[in-house]
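Next comes run.tsv, a file with TSV, C-alpha atoms and all ligand atoms.
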```tsv
chain	number	residue	atom	x	y	z
F	220	MET	CA	-9.40	-16.59	8.69
F	221	SER	CA	-9.42	-17.71	5.12
F	222	ALA	CA	-10.82	-15.24	2.60
F	223	VAL	CA	-13.99	-16.08	0.74
F	224	LEU	CA	-13.66	-15.63	-3.00
F	225	SER	CA	-16.81	-16.20	-4.96
F	226	PRO	CA	-16.61	-16.46	-8.75
F	227	ALA	CA	-18.53	-13.19	-8.95
F	228	SER	CA	-15.70	-11.39	-7.14
F	229	ILE	CA	-13.18	-12.10	-9.88
F	230	PRO	CA	-12.87	-8.75	-11.68
F	231	PRO	CA	-14.27	-8.86	-15.22
F	232	SER	CA	-10.91	-7.55	-16.44
F	233	ALA	CA	-9.44	-10.92	-15.46
F	234	LEU	CA	-11.72	-12.64	-17.90
F	235	ALA	CA	-10.75	-10.35	-20.75
F	236	SER	CA	-7.18	-11.60	-20.81
F	237	GLY	CA	-7.90	-14.67	-22.86
F	238	ASP	CA	-6.93	-18.04	-21.53
F	239	ALA	CA	-3.17	-18.24	-21.51
F	240	PRO	CA	-2.17	-21.59	-20.00
F	241	PRO	CA	-1.23	-21.72	-16.30
F	242	GLN	CA	2.45	-21.05	-15.65
F	243	GLY	CA	2.73	-23.51	-12.75
F	244	LEU	CA	3.16	-20.80	-10.14
F	245	VAL	CA	3.66	-21.64	-6.48
F	246	ILE	CA	2.28	-19.52	-3.64
F	247	ARG	CA	4.37	-19.97	-0.51
F	248	PRO	CA	3.40	-18.29	2.77
F	249	VAL	CA	6.29	-16.29	4.21
F	250	ALA	CA	8.22	-18.56	6.58
F	251	GLY	CA	7.86	-17.69	10.24
F	252	ALA	CA	5.23	-15.02	9.66
F	253	ALA	CA	2.64	-14.63	12.38
F	254	GLY	CA	-0.74	-15.42	10.90
F	255	PRO	CA	-1.42	-15.28	7.18
F	256	LEU	CA	0.48	-12.06	6.47
F	257	GLY	CA	2.71	-12.34	3.41
F	258	ALA	CA	3.30	-14.90	0.69
F	259	GLU	CA	5.84	-15.34	-2.08
F	260	VAL	CA	4.73	-16.02	-5.64
F	261	LEU	CA	7.30	-18.21	-7.37
F	262	GLY	CA	7.50	-19.59	-10.89
F	263	LEU	CA	5.51	-16.76	-12.44
F	264	ASP	CA	6.75	-14.47	-15.20
F	265	LEU	CA	4.63	-11.35	-15.43
F	266	SER	CA	6.19	-10.48	-18.80
F	267	ARG	CA	4.24	-13.44	-20.23
F	268	PRO	CA	0.46	-13.49	-20.76
F	269	LEU	CA	-1.42	-14.24	-17.55
F	270	GLY	CA	-4.40	-16.53	-17.93
F	271	HIS	CA	-7.62	-16.54	-15.97
F	272	GLU	CA	-6.64	-19.45	-13.73
F	273	ASP	CA	-3.34	-17.89	-12.63
F	274	PHE	CA	-4.99	-14.51	-12.18
F	275	ALA	CA	-7.70	-16.05	-9.97
F	276	ARG	CA	-5.06	-17.78	-7.80
F	277	ILE	CA	-3.13	-14.53	-7.41
F	278	HIS	CA	-6.30	-12.63	-6.57
F	279	ARG	CA	-7.25	-15.20	-3.95
F	280	ALA	CA	-3.75	-15.25	-2.44
F	281	HIS	CA	-3.81	-11.46	-2.26
F	282	LEU	CA	-7.02	-11.58	-0.25
F	283	ASP	CA	-5.69	-14.34	1.99
F	284	HIS	CA	-2.16	-13.01	2.62
F	285	HIS	CA	-2.57	-9.23	2.02
F	286	VAL	CA	1.05	-8.89	0.86
F	287	LEU	CA	2.38	-10.83	-2.14
F	288	VAL	CA	6.02	-10.87	-3.15
F	289	PHE	CA	6.52	-11.71	-6.81
F	290	ARG	CA	10.14	-12.78	-7.11
F	291	ASP	CA	12.46	-11.99	-9.99
F	292	GLN	CA	10.11	-9.98	-12.21
F	293	ARG	CA	12.07	-8.65	-15.21
F	294	ILE	CA	9.22	-6.57	-16.52
F	295	THR	CA	8.96	-3.24	-18.26
F	296	PRO	CA	7.10	-0.28	-16.76
F	297	GLN	CA	4.34	-0.92	-19.31
F	298	GLN	CA	3.97	-4.54	-18.15
F	299	HIS	CA	3.91	-3.32	-14.54
F	300	VAL	CA	1.09	-0.91	-15.45
F	301	GLU	CA	-0.84	-3.55	-17.42
F	302	PHE	CA	-0.67	-6.12	-14.60
F	303	SER	CA	-1.77	-3.49	-12.07
F	304	ARG	CA	-4.73	-2.52	-14.28
F	305	ARG	CA	-6.06	-6.06	-14.10
F	306	PHE	CA	-7.18	-5.19	-10.56
F	307	GLY	CA	-8.81	-1.84	-11.32
F	308	PRO	CA	-8.20	1.70	-12.56
F	309	LEU	CA	-4.92	3.27	-11.52
F	310	GLN	CA	-4.52	6.42	-9.46
F	311	ILE	CA	-2.13	9.21	-10.38
F	312	HIS	CA	-0.13	10.64	-7.48
F	313	VAL	CA	-0.45	14.35	-6.75
F	314	LEU	CA	3.36	14.83	-6.92
F	315	LYS	CA	3.46	14.76	-10.71
F	316	ASN	CA	7.15	15.72	-10.80
F	317	PHE	CA	7.98	12.18	-9.64
F	318	GLN	CA	6.08	10.39	-12.39
F	319	LEU	CA	8.11	8.11	-14.62
F	320	VAL	CA	8.42	9.82	-18.00
F	321	GLY	CA	5.87	8.33	-20.40
F	322	HIS	CA	4.10	6.47	-17.56
F	323	PRO	CA	2.06	8.87	-15.41
F	324	GLU	CA	0.65	5.87	-13.50
F	325	ILE	CA	4.11	5.14	-12.09
F	326	LEU	CA	5.43	7.06	-9.09
F	327	ILE	CA	9.20	6.88	-8.64
F	328	VAL	CA	10.13	6.10	-5.03
F	329	SER	CA	13.82	6.89	-4.73
F	330	ASN	CA	16.48	8.69	-2.74
F	331	ILE	CA	18.65	9.23	-5.84
F	332	LYS	CA	19.50	12.67	-7.14
F	333	ASP	CA	20.28	13.40	-10.78
F	334	ALA	CA	23.43	15.07	-12.11
F	335	ALA	CA	21.94	18.49	-11.33
F	336	GLY	CA	21.31	17.45	-7.72
F	337	GLN	CA	17.56	17.16	-8.22
F	338	PRO	CA	15.72	14.19	-6.65
F	339	ILE	CA	14.41	11.73	-9.25
F	340	GLY	CA	11.68	10.40	-6.95
F	341	LEU	CA	9.87	10.64	-3.66
F	342	GLY	CA	12.70	9.98	-1.25
F	343	ASP	CA	10.79	9.85	2.00
F	344	ALA	CA	7.71	7.91	0.85
F	345	GLY	CA	6.52	5.77	3.71
F	346	HIS	CA	8.36	7.64	6.47
F	347	TYR	CA	5.25	7.18	8.65
F	348	TRP	CA	2.90	4.19	8.81
F	349	HIS	CA	0.06	4.63	6.34
F	350	SER	CA	-2.38	3.10	3.89
F	351	ASP	CA	-1.84	4.58	0.44
F	352	LEU	CA	-4.09	7.46	-0.57
F	353	SER	CA	-6.36	7.03	2.47
F	354	TYR	CA	-6.95	10.79	2.16
F	355	LYS	CA	-8.94	10.20	-1.03
F	356	ASP	CA	-12.68	9.53	-1.07
F	357	LYS	CA	-11.77	6.29	-2.80
F	358	PRO	CA	-8.54	5.19	-1.14
F	359	SER	CA	-6.30	2.73	-2.85
F	360	LEU	CA	-7.20	-0.96	-3.18
F	361	GLY	CA	-3.56	-1.92	-3.39
F	362	SER	CA	-0.14	-0.83	-4.53
F	363	LEU	CA	2.56	-2.60	-6.53
F	364	LEU	CA	6.15	-1.62	-5.83
F	365	HIS	CA	8.81	-2.96	-8.20
F	366	ALA	CA	12.49	-2.88	-7.27
F	367	GLN	CA	14.77	-1.15	-9.80
F	368	GLU	CA	17.88	-0.46	-7.75
F	369	LEU	CA	18.42	-1.67	-4.19
F	370	PRO	CA	20.75	-0.50	-1.44
F	371	GLY	CA	23.51	-2.67	-0.05
F	372	GLU	CA	22.02	-2.17	3.40
F	373	GLY	CA	18.67	-0.99	4.77
F	374	GLY	CA	15.68	-0.17	2.59
F	375	ASP	CA	13.29	-2.74	4.09
F	376	THR	CA	9.52	-2.24	4.00
F	377	LEU	CA	7.31	-3.17	6.97
F	378	PHE	CA	3.67	-4.22	6.76
F	379	ALA	CA	1.13	-4.39	9.61
F	380	ASP	CA	-1.98	-6.58	9.44
F	381	GLN	CA	-4.95	-4.35	10.28
F	382	HIS	CA	-7.40	-7.26	10.50
F	383	ALA	CA	-5.26	-8.91	13.18
F	384	ALA	CA	-4.82	-5.56	14.93
F	385	TYR	CA	-8.58	-5.02	15.00
F	386	ASP	CA	-9.37	-8.59	16.09
F	387	ALA	CA	-6.99	-8.24	19.05
F	388	LEU	CA	-8.62	-5.09	20.45
F	389	PRO	CA	-10.55	-5.41	23.72
F	390	GLU	CA	-14.29	-5.79	23.09
F	391	THR	CA	-15.01	-2.52	24.93
F	392	LEU	CA	-12.70	-0.64	22.57
F	393	LYS	CA	-14.23	-2.34	19.53
F	394	ALA	CA	-17.67	-1.21	20.70
F	395	ARG	CA	-16.42	2.34	21.33
F	396	ILE	CA	-14.87	2.78	17.87
F	397	ALA	CA	-17.56	0.94	15.90
F	398	PRO	CA	-19.58	4.08	15.07
F	399	LEU	CA	-16.64	6.48	14.74
F	400	LYS	CA	-15.28	8.20	11.67
F	401	ALA	CA	-11.94	9.92	11.21
F	402	GLU	CA	-10.48	12.54	8.91
F	403	HIS	CA	-7.56	11.66	6.63
F	404	SER	CA	-5.45	14.43	5.15
F	405	TYR	CA	-2.52	14.35	2.73
F	406	LEU	CA	-1.37	17.64	4.21
F	407	ALA	CA	-1.24	16.35	7.79
F	408	LYS	CA	2.52	15.75	7.83
F	409	TYR	CA	3.47	17.47	4.57
F	410	GLU	CA	5.14	20.56	6.01
F	411	GLU	CA	6.92	18.53	8.68
F	412	LEU	CA	8.35	16.22	6.01
F	413	ARG	CA	9.19	19.18	3.81
F	414	ALA	CA	11.15	20.82	6.63
F	415	ARG	CA	13.23	17.66	6.82
F	416	SER	CA	13.34	17.00	3.07
F	417	PRO	CA	13.39	20.48	1.51
F	418	TRP	CA	13.26	19.08	-2.02
F	419	ARG	CA	9.58	18.26	-1.40
F	420	PRO	CA	7.85	20.80	-3.62
F	421	GLN	CA	5.64	23.51	-2.24
F	422	LEU	CA	2.17	22.42	-3.33
F	423	THR	CA	0.21	24.61	-5.72
F	424	GLN	CA	-3.38	25.52	-4.94
F	425	ALA	CA	-4.49	23.05	-7.63
F	426	GLN	CA	-2.55	20.26	-5.89
F	427	ILE	CA	-3.99	21.23	-2.51
F	428	ASP	CA	-7.49	21.13	-4.02
F	429	GLU	CA	-6.72	17.69	-5.48
F	430	VAL	CA	-6.00	16.26	-2.03
F	431	ALA	CA	-8.91	17.66	-0.03
F	432	PRO	CA	-9.34	15.62	3.19
F	433	SER	CA	-11.77	12.69	3.38
F	434	ILE	CA	-13.77	11.17	6.20
F	435	HIS	CA	-13.69	7.38	6.62
F	436	PRO	CA	-14.85	4.83	9.19
F	437	VAL	CA	-12.27	4.07	11.88
F	438	VAL	CA	-13.08	0.40	11.33
F	439	ARG	CA	-13.61	-0.54	7.71
F	440	THR	CA	-15.03	-3.72	6.24
F	441	HIS	CA	-13.02	-5.32	3.48
F	442	PRO	CA	-15.31	-5.20	0.44
F	443	GLU	CA	-14.23	-8.61	-0.86
F	444	THR	CA	-13.71	-10.71	2.29
F	445	GLY	CA	-16.08	-8.99	4.73
F	446	ARG	CA	-13.34	-8.84	7.38
F	447	LYS	CA	-13.04	-5.80	9.63
F	448	ALA	CA	-9.81	-3.82	9.76
F	449	LEU	CA	-8.55	-0.78	11.62
F	450	PHE	CA	-8.35	2.11	9.16
F	451	VAL	CA	-6.31	4.85	10.83
F	452	SER	CA	-2.65	5.75	10.38
F	453	GLU	CA	-0.12	8.07	11.95
F	454	HIS	CA	0.68	9.62	8.57
F	455	PHE	CA	-2.72	10.68	7.35
F	456	THR	CA	-5.35	10.42	10.12
F	457	THR	CA	-5.78	13.81	11.76
F	458	ARG	CA	-8.83	13.67	14.04
F	459	ILE	CA	-11.87	11.69	15.10
F	460	VAL	CA	-15.04	13.33	13.91
F	461	GLY	CA	-17.29	14.54	16.72
F	462	LEU	CA	-14.89	13.94	19.62
F	463	PRO	CA	-13.23	16.73	21.61
F	464	GLU	CA	-9.68	17.26	20.34
F	465	ASP	CA	-7.92	15.85	23.44
F	466	GLU	CA	-10.10	12.79	23.60
F	467	GLY	CA	-9.80	12.15	19.86
F	468	GLN	CA	-6.00	12.48	19.89
F	469	ALA	CA	-5.70	10.14	22.89
F	470	LEU	CA	-7.87	7.57	21.14
F	471	LEU	CA	-5.88	7.89	17.91
F	472	ALA	CA	-2.61	7.41	19.80
F	473	GLU	CA	-4.04	4.24	21.37
F	474	LEU	CA	-5.20	2.94	17.98
F	475	PHE	CA	-1.92	3.80	16.24
F	476	ALA	CA	-0.03	1.79	18.86
F	477	ALA	CA	-2.47	-1.11	18.58
F	478	SER	CA	-2.19	-1.11	14.78
F	479	VAL	CA	1.57	-1.72	14.63
F	480	ARG	CA	2.15	-4.27	17.36
F	481	PRO	CA	5.25	-6.24	16.31
F	482	GLU	CA	3.39	-9.55	16.29
F	483	PHE	CA	1.18	-8.29	13.46
F	484	THR	CA	3.99	-6.99	11.28
F	485	LEU	CA	6.07	-8.38	8.47
F	486	ARG	CA	9.48	-7.06	7.40
F	487	HIS	CA	10.18	-7.34	3.70
F	488	GLN	CA	13.87	-7.43	2.78
F	489	TRP	CA	14.04	-6.65	-0.89
F	490	GLN	CA	15.69	-8.92	-3.42
F	491	PRO	CA	16.58	-7.84	-6.97
F	492	HIS	CA	13.53	-7.57	-9.27
F	493	ASP	CA	11.00	-8.18	-6.46
F	494	MET	CA	7.56	-6.78	-7.04
F	495	VAL	CA	5.49	-6.45	-3.88
F	496	PHE	CA	1.70	-6.11	-4.12
F	497	TRP	CA	-0.06	-5.16	-0.88
F	498	ASP	CA	-3.71	-4.67	0.00
F	499	ASN	CA	-4.22	-1.16	1.38
F	500	ARG	CA	-7.59	-2.25	2.76
F	501	SER	CA	-5.88	-4.83	4.99
F	502	VAL	CA	-2.44	-3.50	5.87
F	503	THR	CA	-0.54	-0.35	6.66
F	504	HIS	CA	3.10	-0.03	5.68
F	505	LEU	CA	6.29	1.81	6.54
F	506	ALA	CA	9.61	2.37	4.78
F	507	ALA	CA	12.20	1.38	7.40
F	508	GLY	CA	14.77	3.78	5.93
F	509	THR	CA	17.86	3.73	3.75
F	510	PRO	CA	21.28	5.18	4.67
F	511	ASP	CA	22.00	8.39	2.72
F	512	THR	CA	25.08	6.75	1.28
F	513	GLU	CA	23.01	4.03	-0.43
F	514	ARG	CA	20.98	4.31	-3.64
F	515	ARG	CA	17.41	2.97	-3.80
F	516	LYS	CA	14.86	3.19	-6.60
F	517	LEU	CA	11.47	1.52	-6.99
F	518	TYR	CA	8.45	2.06	-9.24
F	519	ARG	CA	4.97	2.20	-7.73
F	520	THR	CA	1.50	1.84	-9.21
F	521	THR	CA	-1.61	2.39	-7.11
F	522	ILE	CA	-5.02	0.85	-7.82
F	523	GLU	CA	-8.19	2.71	-6.99
F	524	GLY	CA	-10.44	1.04	-4.42
F	525	ASP	CA	-13.99	1.47	-3.16
F	526	LEU	CA	-15.62	3.95	-0.82
F	527	PRO	CA	-14.76	2.53	2.63
F	528	PHE	CA	-17.70	1.29	4.72
T	601	LIG	O1	9.73	2.63	-0.10
T	601	LIG	C1	9.10	1.87	0.61
T	601	LIG	O2	9.62	0.91	1.19
T	601	LIG	C2	7.64	2.12	0.85
T	601	LIG	C3	7.16	3.28	0.06
T	601	LIG	C4	5.79	3.70	0.49
T	601	LIG	O3	5.47	3.74	1.64
T	601	LIG	C5	4.83	4.05	-0.52
T	601	LIG	O4	5.16	4.04	-1.71
T	601	LIG	O5	3.68	4.33	-0.12
```

Can you give me the file's structure in the form of structure tokens?
Ligand SMILES: O=C(O)CCC(=O)C(=O)O
Amino acid sequence: MSAVLSPASIPPSALASGDAPPQGLVIRPVAGAAGPLGAEVLGLDLSRPLGHEDFARIHRAHLDHHVLVFRDQRITPQQHVEFSRRFGPLQIHVLKNFQLVGHPEILIVSNIKDAAGQPIGLGDAGHYWHSDLSYKDKPSLGSLLHAQELPGEGGDTLFADQHAAYDALPETLKARIAPLKAEHSYLAKYEELRARSPWRPQLTQAQIDEVAPSIHPVVRTHPETGRKALFVSEHFTTRIVGLPEDEGQALLAELFAASVRPEFTLRHQWQPHDMVFWDNRSVTHLAAGTPDTERRKLYRTTIEGDLPF
């Protein structure tokens, strides 16, 4: 389905940018992708001013394709932050030790350790399928991940289309989950990941308070396109509100499996200077993994979204 973008849905911040001339960008759907998932943005330089017309095309393509790959972006962290802010306020990750110095809005995603053997970033980000910050009352609208250093092998990122996953559910299951809500918790897998990656810091009480669980609909409606999407993930969704534990866990297992069917997924193989912008209201994602012998570093910004409904 093609997204509906009314003029009123163009964020006011887009209009504030002045009217830099169009750069002649090309939006090319990812070859061989099933459905609309994924498009490349070519011929655009995000280090140059971005006018209203180009912004509106990018915004529309983001709604239509859910994952945009901006090729060859030689931009500074500040330009990354400024482009991200065009879509809304940015969220600061609870693991403040992995912020980029001078840019608290940027989370370093990396398996690299410094000279003292300390990790410079979150090495196991995306180990489980998830939608970023779904444990917040206002989960993320979208995230922008910019490649800084890429491994010689591995390091792909997978995306799963949650509109397609929802649409493909049997009608009886759609009816069953329509009224349901689920809890999302940052802590759900934290200790398990920490046991495997001991460098994950023990959270302070202030950090635990910052990531108090949230309750969201199991099926959310995209606030800009009106499309329904599954909104549960193996990383953060802990239980279905109001269902007995066994029944809730069985239903979650069924929904997790339905949400990542291979025909609804896209594998992104990173190229140097790629910046990938995904819609957390439409997709879940997974880091496919990087061999320990390979170095990988990316910078991530995360845009605040709406209260899911
Ligand atoms: O590193 C990746 O490929 C994905 C990272 C991720 O899942 C995240 O930043 O939320």

Worksheet entry | Contacts of range 351-361 of chain F within 8 Å, only C-alpha atoms, excl. fewer than 3 positions in-chain, as a ChimeraX atom specification | /F:310,402-405,430-434,455,496-500,521-527

With a distance cut-off of 8 Å and all atoms listed in the file, select the neighbouring residues of Leu269 in chain F, excluding the residue or stretch itself and same-chain residues fewer than 5 positions from it, and output the selection as a PDB file with C-alpha atoms, keeping the file's coordinate frame.
```pdb
ATOM      1  CA  SER F 236      -7.180 -11.600 -20.810  1.00  0.00           C
ATOM      2  CA  ASP F 238      -6.930 -18.040 -21.530  1.00  0.00           C
ATOM      3  CA  ALA F 239      -3.170 -18.240 -21.510  1.00  0.00           C
ATOM      4  CA  PRO F 240      -2.170 -21.590 -20.000  1.00  0.00           C
ATOM      5  CA  PRO F 241      -1.230 -21.720 -16.300  1.00  0.00           C
ATOM      6  CA  PHE F 274      -4.990 -14.510 -12.180  1.00  0.00           C
TER       7      PHE F 274
END
```

Discussion item. Any residue with an atom at most 7 Å from ligand LIG 601 (chain T) counts, using only C-alpha atoms and all ligand atoms. Which are they? Put them as a ChimeraX atom specification.
Written reply: /F:328,344-346,351,374-376,504-507,519

Once you have the residues from the selection above, write them out as a compact mmCIF listing (two decimals), in the frame of the given file, restricted to C-alpha atoms.
```
# COMPACT_ATOMS: atom_id res chain seq x y z
CA VAL F 328 10.13 6.10 -5.03
CA ALA F 344 7.71 7.91 0.85
CA GLY F 345 6.52 5.77 3.71
CA HIS F 346 8.36 7.64 6.47
CA ASP F 351 -1.84 4.58 0.44
CA GLY F 374 15.68 -0.17 2.59
CA ASP F 375 13.29 -2.74 4.09
CA THR F 376 9.52 -2.24 4.00
CA HIS F 504 3.10 -0.03 5.68
CA LEU F 505 6.29 1.81 6.54
CA ALA F 506 9.61 2.37 4.78
CA ALA F 507 12.20 1.38 7.40
CA ARG F 519 4.97 2.20 -7.73
```

Fill in: Residue with smallest distance to Glu368 in chain F - pool F:Gln490, F:Gln424, F:Asn316, F:Thr512, counting only C-alpha atoms
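Going through F:Gln490, F:Gln424, F:Asn316, F:Thr512 one by one, the smallest distance to Glu368 in chain F is for F:Gln490.
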
Give me the residues of range 406-524 of chain F that have any atom at most 10 Å from an atom of range 377-391 of chain F; for each, the nearest atom pair and the distance in Å, rounded to one decimal. Use all atoms listed in the file, sort by chain and number, and format it as a tab-separated table.
```
residue	atom	partner	partner_atom	distance
F:Val438	CA	F:Tyr385	CA	7.9
F:Arg439	CA	F:His382	CA	9.6
F:Thr440	CA	F:His382	CA	9.4
F:His441	CA	F:His382	CA	9.2
F:Arg446	CA	F:His382	CA	6.9
F:Lys447	CA	F:His382	CA	5.9
F:Ala448	CA	F:His382	CA	4.3
F:Leu449	CA	F:Gln381	CA	5.2
F:Phe450	CA	F:Gln381	CA	7.4
F:Val451	CA	F:Gln381	CA	9.3
F:Leu474	CA	F:Ala384	CA	9.0
F:Phe475	CA	F:Ala384	CA	9.9
F:Ala476	CA	F:Ala384	CA	9.6
F:Ala477	CA	F:Ala384	CA	6.2
F:Ser478	CA	F:Ala384	CA	5.2
F:Val479	CA	F:Ala379	CA	5.7
F:Arg480	CA	F:Ala384	CA	7.5
F:Pro481	CA	F:Ala379	CA	8.1
F:Glu482	CA	F:Ala379	CA	8.7
F:Phe483	CA	F:Asp380	CA	5.4
F:Thr484	CA	F:Ala379	CA	4.2
F:Leu485	CA	F:Phe378	CA	5.1
F:Arg486	CA	F:Leu377	CA	4.5
F:His487	CA	F:Leu377	CA	6.0
F:Gln488	CA	F:Leu377	CA	8.9
F:Trp497	CA	F:Phe378	CA	8.6
F:Asp498	CA	F:Asp380	CA	9.8
F:Asn499	CA	F:Gln381	CA	9.5
F:Arg500	CA	F:Gln381	CA	8.2
F:Ser501	CA	F:Gln381	CA	5.4
F:Val502	CA	F:Asp380	CA	4.7
F:Thr503	CA	F:Ala379	CA	5.3
F:His504	CA	F:Phe378	CA	4.4
F:Leu505	CA	F:Leu377	CA	5.1
F:Ala506	CA	F:Leu377	CA	6.4
F:Ala507	CA	F:Leu377	CA	6.7
```

Worksheet item: Pick the closest to Glu513 in chain F from F:Leu282, F:Leu326, F:Val260, F:Leu369: which is it, counting all atoms listed in the file?
Response: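 Ranked by minimum distance to Glu513 in chain F, first place goes to F:Leu369.
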
Worksheet entry | Interatomic distance, CA of Gly467 in chain F to CA of Gln426 in chain F (Å, one decimal) | 28.0 Å

Worksheet item: Using all atoms listed in the file, which of the listed residues (F:Pro296, F:Gly262, F:Pro338, F:Pro255) sits closest to Arg419 in chain F?
Response: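 Ranked by minimum distance to Arg419 in chain F, first place goes to F:Pro338.
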
Item to complete: One decimal, Å: what's the distance from CA of Val300 in chain F over to CA of Ser452 in chain F, could you say?
Response: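 A separation of 26.9 Å between them.
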
Discussion item. If I take CA of Arg290 in chain F and CA of Leu261 in chain F, how far is one from the other in Å, to one decimal?
Written reply: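 Computing the Euclidean distance for CA of Arg290 in chain F and CA of Leu261 in chain F yields 6.1 Å.
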
Fill in: Selection near Leu287 in chain F, 6 Å with all atoms listed in the file, sequence-local residues under 6 positions removed, as a list in words
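That gives Gly257, Ala258, Glu259, Val495 and Phe496 of chain F.
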
Worksheet item: Pick the closest to Pro323 in chain F from F:Ala394, F:Leu309, F:Ala280, F:Ala472: which is it, counting all atoms listed in the file?
Response: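 Smallest distance to Pro323 in chain F is found for F:Leu309.
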
Item to complete: Show which residues sit within 10 Å of Glu301 in chain F, as a PyMOL selection string. Count only C-alpha atoms, and ignore same-chain residues fewer than 6 positions away.
Response: chain F and resi 265-266+295+309

Worksheet entry | Closest of F:Val320, F:Leu244, F:Ile311, F:Met494 to Arg293 in chain F - atom-to-atom distances counting all atoms listed in the file |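 Going through F:Val320, F:Leu244, F:Ile311, F:Met494 one by one, the smallest distance to Arg293 in chain F is for F:Met494.
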
Worksheet entry | Selection as a list in words: residues within 9 Å of (-18.3, 1.9, 14.7), counting all atoms listed in the file |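 So the residues meeting the distance criterion are Lys393, Ala394, Arg395, Ile396, Ala397, Pro398, Leu399, Lys400, Pro436, Val437, Val438 and Arg439 of chain F.
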